[in-house]
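Student: Supplied structure: data02.txt, compact mmCIF, C-alpha atoms.
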```
# COMPACT_ATOMS: atom_id res chain seq x y z
CA MET P 1 144.65 103.97 78.27
CA ALA P 2 141.48 104.71 76.27
CA ARG P 3 141.02 100.98 75.73
CA ALA P 4 141.42 100.34 79.46
CA ILE P 5 138.74 102.90 80.27
CA GLU P 6 136.50 101.38 77.60
CA ARG P 7 136.89 97.90 79.11
CA ILE P 8 136.05 99.25 82.59
CA GLU P 9 132.96 100.96 81.15
CA GLN P 10 131.87 97.64 79.66
CA ASP P 11 132.38 95.92 83.01
CA ILE P 12 130.29 98.58 84.75
CA ALA P 13 127.49 98.22 82.18
CA ALA P 14 127.45 94.45 82.72
CA LEU P 15 127.33 94.95 86.49
CA LYS P 16 124.40 97.34 86.14
CA GLU P 17 122.44 94.75 84.19
CA ALA P 18 123.16 92.12 86.85
CA ILE P 19 122.11 94.53 89.61
CA ARG P 20 118.85 95.36 87.80
CA ALA P 21 118.06 91.63 87.66
CA ILE P 22 118.80 91.32 91.39
CA ALA P 23 116.55 94.33 92.07
CA VAL P 24 113.61 92.64 90.33
CA GLU P 25 114.28 89.44 92.27
CA LEU P 26 114.50 91.35 95.56
CA LYS P 27 111.25 93.26 95.03
CA THR P 28 109.42 90.07 94.02
CA ALA P 29 110.74 88.29 97.12
CA TYR P 30 109.66 91.16 99.38
CA ALA P 31 106.18 91.30 97.84
CA SER P 32 105.71 87.60 98.62
CA TYR P 33 107.25 87.95 102.07
CA LEU P 34 105.05 90.89 103.06
CA ALA P 35 101.90 89.09 101.87
CA THR P 36 102.83 86.08 104.01
CA LEU P 37 103.76 88.37 106.89
CA GLY P 38 100.33 90.01 106.72
CA LEU P 39 98.62 86.65 107.22
CA ALA P 40 101.03 85.73 110.02
CA VAL P 41 100.52 89.07 111.78
CA ARG P 42 96.75 88.63 111.78
CA LYS P 43 97.12 85.16 113.26
CA GLN P 44 99.64 86.19 115.93
CA LEU P 45 97.60 89.24 116.91
CA ILE P 46 94.57 87.03 117.51
CA LEU P 47 96.62 84.47 119.45
CA ALA P 48 98.22 87.16 121.61
CA SER P 49 94.83 88.77 122.27
CA TYR P 50 93.35 85.37 123.14
CA HIS P 51 96.13 84.66 125.63
CA LEU P 52 95.86 88.12 127.17
CA CYS P 53 92.06 87.91 127.58
CA THR P 54 91.90 84.31 128.82
CA GLN P 55 95.07 83.99 130.89
CA GLY P 56 96.33 87.51 131.47
CA TYR P 57 93.02 89.14 132.45
CA PRO P 58 90.34 86.42 132.50
CA GLU P 59 88.20 88.20 135.12
CA ASN P 60 88.09 91.40 133.09
CA PHE P 61 87.13 89.52 129.95
CA LEU P 62 84.37 87.65 131.79
CA HIS P 63 82.92 90.98 132.92
CA LEU P 64 82.13 91.84 129.31
CA SER P 65 78.76 90.94 127.86
CA LEU P 66 78.54 88.53 124.92
CA ASN P 67 77.99 91.43 122.56
CA GLN P 68 80.96 93.33 123.97
CA ARG P 69 83.21 90.29 123.55
CA GLN P 70 82.10 89.86 119.95
CA GLN P 71 82.66 93.55 119.23
CA LEU P 72 86.14 93.37 120.73
CA GLN P 73 87.01 90.26 118.74
CA GLN P 74 85.73 91.85 115.55
CA ALA P 75 87.80 95.00 116.19
CA ILE P 76 90.93 92.92 116.79
CA ARG P 77 90.39 91.04 113.52
CA LYS P 78 89.87 94.37 111.74
CA LEU P 79 93.12 95.77 113.10
CA GLY P 80 94.97 92.72 111.83
CA GLN P 81 93.35 93.07 108.41
CA LEU P 82 94.30 96.75 108.14
CA ALA P 83 97.89 95.99 109.13
CA ALA P 84 98.11 93.22 106.53
CA GLU P 85 96.91 95.64 103.85
CA GLN P 86 99.29 98.34 105.00
CA LEU P 87 102.31 96.03 104.83
CA LEU P 88 101.86 95.82 101.06
CA ILE P 89 101.16 99.51 100.45
CA TYR P 90 104.81 100.55 100.46
CA ILE P 91 105.69 98.27 97.53
CA LYS P 92 102.39 98.61 95.68
CA SER P 93 102.44 102.40 95.87
CA GLU P 94 105.64 102.39 93.81
CA GLU P 95 103.63 100.92 90.97
CA THR P 96 100.45 102.98 91.47
CA GLY P 97 102.21 106.23 92.33
CA GLY P 98 100.74 106.75 95.79
CA ASP P 99 99.03 105.37 98.84
CA GLU P 100 95.66 104.05 97.83
CA GLY P 101 94.46 103.09 101.27
CA ASP P 102 90.70 102.84 101.60
CA GLU P 103 89.61 105.43 104.11
CA GLY P 104 86.28 103.68 104.44
CA GLU P 105 87.98 100.81 106.23
CA GLU P 106 88.43 102.87 109.37
CA GLU P 107 84.98 102.50 110.88
CA ASN P 108 83.85 102.23 114.45
CA VAL P 109 83.21 98.51 114.77
CA THR P 110 83.15 98.30 118.54
CA SER P 111 81.45 100.18 121.31
CA SER P 112 84.77 100.28 123.20
CA SER P 113 87.00 101.86 120.58
CA SER P 114 87.33 102.81 116.94
CA VAL P 115 89.64 100.84 114.71
CA THR P 116 91.97 103.60 113.56
CA LEU P 117 95.25 102.01 112.56
CA ASP P 118 97.27 104.89 111.15
CA LYS P 119 97.59 104.31 107.41
CA SER P 120 100.01 107.16 106.77
CA ILE P 121 103.42 105.76 105.82
CA PRO P 122 106.53 107.41 104.35
CA GLU P 123 106.59 108.12 100.65
CA PRO P 124 108.16 105.13 98.88
CA LEU P 125 111.66 105.53 97.56
CA THR P 126 112.06 104.94 93.83
CA PRO P 127 115.67 103.81 93.62
CA ASP P 128 117.84 103.57 90.54
CA THR P 129 117.67 99.78 90.21
CA SER P 130 121.15 99.68 88.69
CA ASN P 131 122.66 101.39 91.74
CA PRO P 132 123.33 98.96 94.63
CA ILE P 133 123.64 101.79 97.17
CA GLU P 134 120.16 103.11 96.39
CA LEU P 135 118.75 99.57 96.46
CA ALA P 136 120.28 99.02 99.90
CA LYS P 137 118.67 102.23 101.17
CA TRP P 138 115.31 101.13 99.74
CA GLN P 139 115.59 97.75 101.46
CA GLN P 140 116.52 99.36 104.79
CA LYS P 141 113.58 101.78 104.59
CA LEU P 142 111.22 98.91 103.81
CA GLU P 143 112.39 97.08 106.95
CA GLU P 144 111.92 100.24 109.01
CA VAL P 145 108.38 100.74 107.69
CA THR P 146 107.54 97.10 108.50
CA GLN P 147 108.75 97.50 112.09
CA GLU P 148 106.80 100.75 112.43
CA ILE P 149 103.58 99.07 111.26
CA LEU P 150 104.01 96.30 113.85
CA LYS P 151 104.71 98.86 116.55
CA LYS P 152 101.64 100.89 115.63
CA LEU P 153 99.49 97.76 115.49
CA SER P 154 100.64 96.71 118.96
CA HIS P 155 99.88 100.20 120.29
CA ASP P 156 96.40 100.31 118.75
CA ALA P 157 95.58 96.78 119.91
CA ASN P 158 96.58 97.66 123.49
CA LEU P 159 94.53 100.86 123.33
CA LEU P 160 91.57 98.83 122.08
CA LEU P 161 91.92 96.34 124.93
CA GLN P 162 92.34 99.14 127.45
CA LYS P 163 89.19 100.94 126.33
CA ALA P 164 87.31 97.63 126.42
CA GLY P 165 88.25 97.24 130.09
CA ILE P 166 90.74 94.38 129.66
CA LEU P 167 94.00 96.25 130.27
CA PRO P 168 94.32 98.58 133.30
CA LYS P 169 92.74 101.96 132.62
CA LYS P 170 95.66 103.86 134.15
CA LEU P 171 98.41 102.00 132.33
CA PRO P 172 101.06 104.70 131.64
CA GLU P 173 101.62 104.75 127.89
CA PRO P 174 105.20 106.15 128.11
CA ILE P 175 106.23 103.20 130.28
CA LEU P 176 104.63 100.73 127.89
CA ALA P 177 106.28 102.40 124.90
CA ALA P 178 109.69 102.38 126.60
CA ALA P 179 109.40 98.72 127.54
CA ALA P 180 108.34 97.80 124.00
CA ALA P 181 111.30 99.73 122.57
CA ALA P 182 113.68 97.87 124.87
CA SER P 183 112.13 94.59 123.76
CA GLU P 184 112.51 95.52 120.09
CA ALA P 185 116.23 96.07 120.59
CA SER P 186 116.67 92.34 121.19
CA SER P 187 116.47 90.00 118.20
CA GLU P 188 116.10 86.93 120.42
CA VAL P 189 112.81 85.12 120.94
CA MET P 190 111.54 86.14 124.36
CA PRO P 191 110.54 83.56 127.01
CA GLY P 192 106.84 83.06 127.70
CA PRO P 193 103.90 83.50 125.34
CA PRO P 194 104.99 85.06 122.02
CA ASN P 195 104.24 88.67 121.13
CA LEU P 196 103.30 89.60 124.69
CA LEU P 197 105.09 91.95 127.04
CA ASN P 198 105.11 91.39 130.81
CA LEU P 199 105.69 94.49 132.93
CA VAL P 200 105.85 95.05 136.67
CA ILE P 201 105.07 98.69 137.39
CA GLU P 202 103.40 100.86 140.00
CA ILE P 203 99.82 101.87 139.17
CA GLU P 204 97.54 103.65 141.60
CA ASN P 205 94.17 102.16 142.61
CA GLU P 206 94.80 98.85 140.89
CA GLN P 207 94.91 95.38 142.41
CA GLN P 208 98.45 94.99 143.74
CA LEU P 209 100.71 92.02 144.23
CA GLU P 210 101.17 90.69 147.77
CA ASP P 211 103.72 92.48 149.96
CA SER P 212 104.57 95.00 147.27
CA GLY P 213 103.37 98.23 145.77
CA LEU P 214 103.76 96.86 142.25
CA THR P 215 101.29 95.63 139.67
CA GLN P 216 102.02 93.09 136.97
CA VAL P 217 100.78 94.12 133.53
CA MET P 218 100.60 92.08 130.34
CA ALA P 219 100.31 93.81 126.97
CA ILE P 220 100.58 93.00 123.27
CA ASN P 221 104.01 93.54 121.72
CA LEU P 222 104.23 92.08 118.21
CA ARG P 223 107.85 91.28 117.37
CA LEU P 224 109.03 90.40 113.90
CA GLY P 225 111.49 87.78 115.12
CA GLU P 226 108.79 85.88 117.03
CA ILE P 227 106.33 86.11 114.15
CA GLU P 228 108.90 84.69 111.74
CA PHE P 229 109.91 81.97 114.22
CA ALA P 230 106.31 80.71 114.41
CA ASP P 231 105.76 80.54 110.64
CA VAL P 232 107.78 78.10 108.49
CA THR P 233 106.82 79.75 105.19
CA LEU P 234 107.70 83.20 106.48
CA SER P 235 111.07 81.99 107.78
CA SER P 236 111.82 80.42 104.40
CA GLU P 237 110.97 83.63 102.56
CA ARG P 238 113.17 85.62 104.94
CA ARG P 239 116.09 83.27 104.16
CA GLN P 240 115.48 83.83 100.45
CA ILE P 241 115.68 87.60 100.98
CA ARG P 242 118.93 87.21 102.90
CA ASN P 243 120.41 85.14 100.06
CA ILE P 244 119.45 87.79 97.52
CA LEU P 245 121.01 90.49 99.69
CA VAL P 246 124.26 88.50 99.84
CA GLN P 247 124.34 88.54 96.02
CA LEU P 248 123.51 92.26 95.97
CA ASN P 249 126.30 93.05 98.45
CA LYS P 250 128.79 91.10 96.35
CA LEU P 251 127.79 92.95 93.19
CA GLY P 252 127.82 96.21 95.12
CA ARG P 253 131.43 95.74 96.17
CA GLU P 254 132.41 94.95 92.57
CA TYR P 255 130.43 97.97 91.37
CA GLN P 256 132.30 100.31 93.71
CA LYS P 257 135.63 98.70 92.79
CA LYS P 258 135.02 99.27 89.08
CA HIS P 259 134.01 102.88 89.63
CA ARG P 260 137.22 103.39 91.58
CA GLU P 261 139.23 101.83 88.75
CA ARG P 262 137.54 104.08 86.22
CA ALA P 263 138.24 107.19 88.28
CA ILE P 264 141.93 106.22 88.57
CA ALA P 265 142.24 105.45 84.84
CA GLU P 266 140.56 108.74 83.91
CA ALA P 267 142.79 110.68 86.32
CA GLU P 268 145.91 109.04 84.88
CA ALA P 269 144.77 109.90 81.36
CA ALA P 270 144.05 113.50 82.40
CA TRP P 271 147.50 113.80 83.97
CA ARG P 272 149.22 112.58 80.82
CA SER P 273 147.16 114.84 78.57
CA SER P 274 148.18 117.94 80.49
CA TRP P 275 151.83 117.09 81.19
CA PHE P 276 154.54 118.87 79.21
CA GLU P 277 158.31 118.70 79.68
```
Let me see the structure of the file written as structure tokens.

Tutor:
Amino acid sequence: MARAIERIEQDIAALKEAIRAIAVELKTAYASYLATLGLAVRKQLILASYHLCTQGYPENFLHLSLNQRQQLQQAIRKLGQLAAEQLLIYIKSEETGGDEGDEGEEENVTSSSSVTLDKSIPEPLTPDTSNPIELAKWQQKLEEVTQEILKKLSHDANLLLQKAGILPKKLPEPILAAAAAASEASSEVMPGPPNLLNLVIEIENEQQLEDSGLTQVMAINLRLGEIEFADVTLSSERRQIRNILVQLNKLGREYQKKHRERAIAEAEAAWRSSWFE
């Protein structure tokens, strides 16, 4: 029985080494993915803003002066840059021991609004890299943080466009937030221009559609699925992450199986050691 327990211990040690190697591979893949995602987010934010200003609300955009348009465009680029930096903070802060965001980045670069993308993110988990359960929790939290950054970026971009006079001034934020949340629940690529949300709601003192008391509103809603769909490199890196996770799940099942076997072997040995006729 002692030899059986010893063999199980050796199997567990080997599994831990394999899981540590997978952990390094997973973190490296995510670092590359998030860097690529940052570039893609900046591009898609600009494209969505362009479509919203030129086709969603062309009259409102034309009412801006040349300087106001340039200030708005600069602020949109700045938001995208801040989001790209923030996407990497969660992984980098594990190595540096904290969030090293540059507070000086958040400056007022437009007369319409300040660029104030919230840079506060949850404290990074520091998982035991030989424990597949902790690694899975780390990976899930990283995905949640990524989605939260995109949600916050969409919110701040819409606020920027609203203060600049592009979006309706009386656009109810709770309605916009609820519609965005419903959109996030679907993993499918939405019809129409990517990363934009079309709403039909009632807004007082706004130009209304014919024969109705409703107003159509277009707003930015950056969605991870649509961003990945539009970028071949990003899609490839996402597939690589999925493949690594498949390996991690397989090792995780074996890890749990071996721990179960060890517990049974130790319990059997304990029973025998205490049994007397």

Student: Using only C-alpha atoms, which of the listed residues (P:Thr146, P:Gln68, P:Gln81, P:Gln247) sits closest to Gln44 of chain P?

Tutor: P:Gln81

Student: What does the structure give for the distance between atom CA of Ala48 of chain P and atom CA of Leu79 of chain P, in Å to one decimal?

Tutor: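 Going from atom CA of Ala48 of chain P over to atom CA of Leu79 of chain P covers 13.1 Å.
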
Student: Of the candidates P:His51, P:Lys163, P:Lys137, P:Lys169, which one gets nearest to Leu72 of chain P if we count only C-alpha atoms?

Tutor: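 Closest residue, counting only C-alpha atoms: P:Lys163.
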
Student: Would you mind listing what lies within 10 Å of Lys258 of chain P as a list in words, with all atoms listed in the file counted and same-chain residues fewer than 3 positions away left out?

Tutor: Ile8, Glu9, Asp11, Ile12, Leu15, Gly252, Arg253, Glu254, Tyr255, Glu261, Arg262, Ala263 and Ile264 of chain P

Student: Just the number, please: distance in Å from atom CA of Gly165 of chain P to atom CA of Gln216 of chain P, one decimal.

Tutor: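 About the pair atom CA of Gly165 of chain P and atom CA of Gln216 of chain P: they are 15.9 Å apart.
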
Student: By how many Å are atom CA of Trp271 of chain P and atom CA of Gln10 of chain P apart?

Tutor: 22.9 Å

Student: Give me, as a list in words, all polymer residues having an atom no more than 6 Å from segment 191-200 of chain P, counting all atoms listed in the file and skipping those fewer than 2 positions away in the same chain.

Tutor: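 Everything that qualifies: Thr215, Gln216, Val217, Met218, Ala219, Ile220, Asn221, Leu222 and Arg223 of chain P.
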
Student: Would you please work out which residue, of P:Val232, P:Thr28, P:Leu161, P:Ile22, is nearest to Gln71 of chain P when using only C-alpha atoms?

Tutor: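 Once distances to Gln71 of chain P are computed over only C-alpha atoms, the minimum belongs to P:Leu161.
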
Student: If I wrap all listed atoms of segment 242-259 of chain P in a box with edges along x, y and z and add 3 Å on each side, what are its centre and edge lengths in Å to one decimal, as JSON?

Tutor:
```
{"center_x": 127.3, "center_y": 94.0, "center_z": 96.0, "size_x": 22.7, "size_y": 23.7, "size_z": 19.8}
```
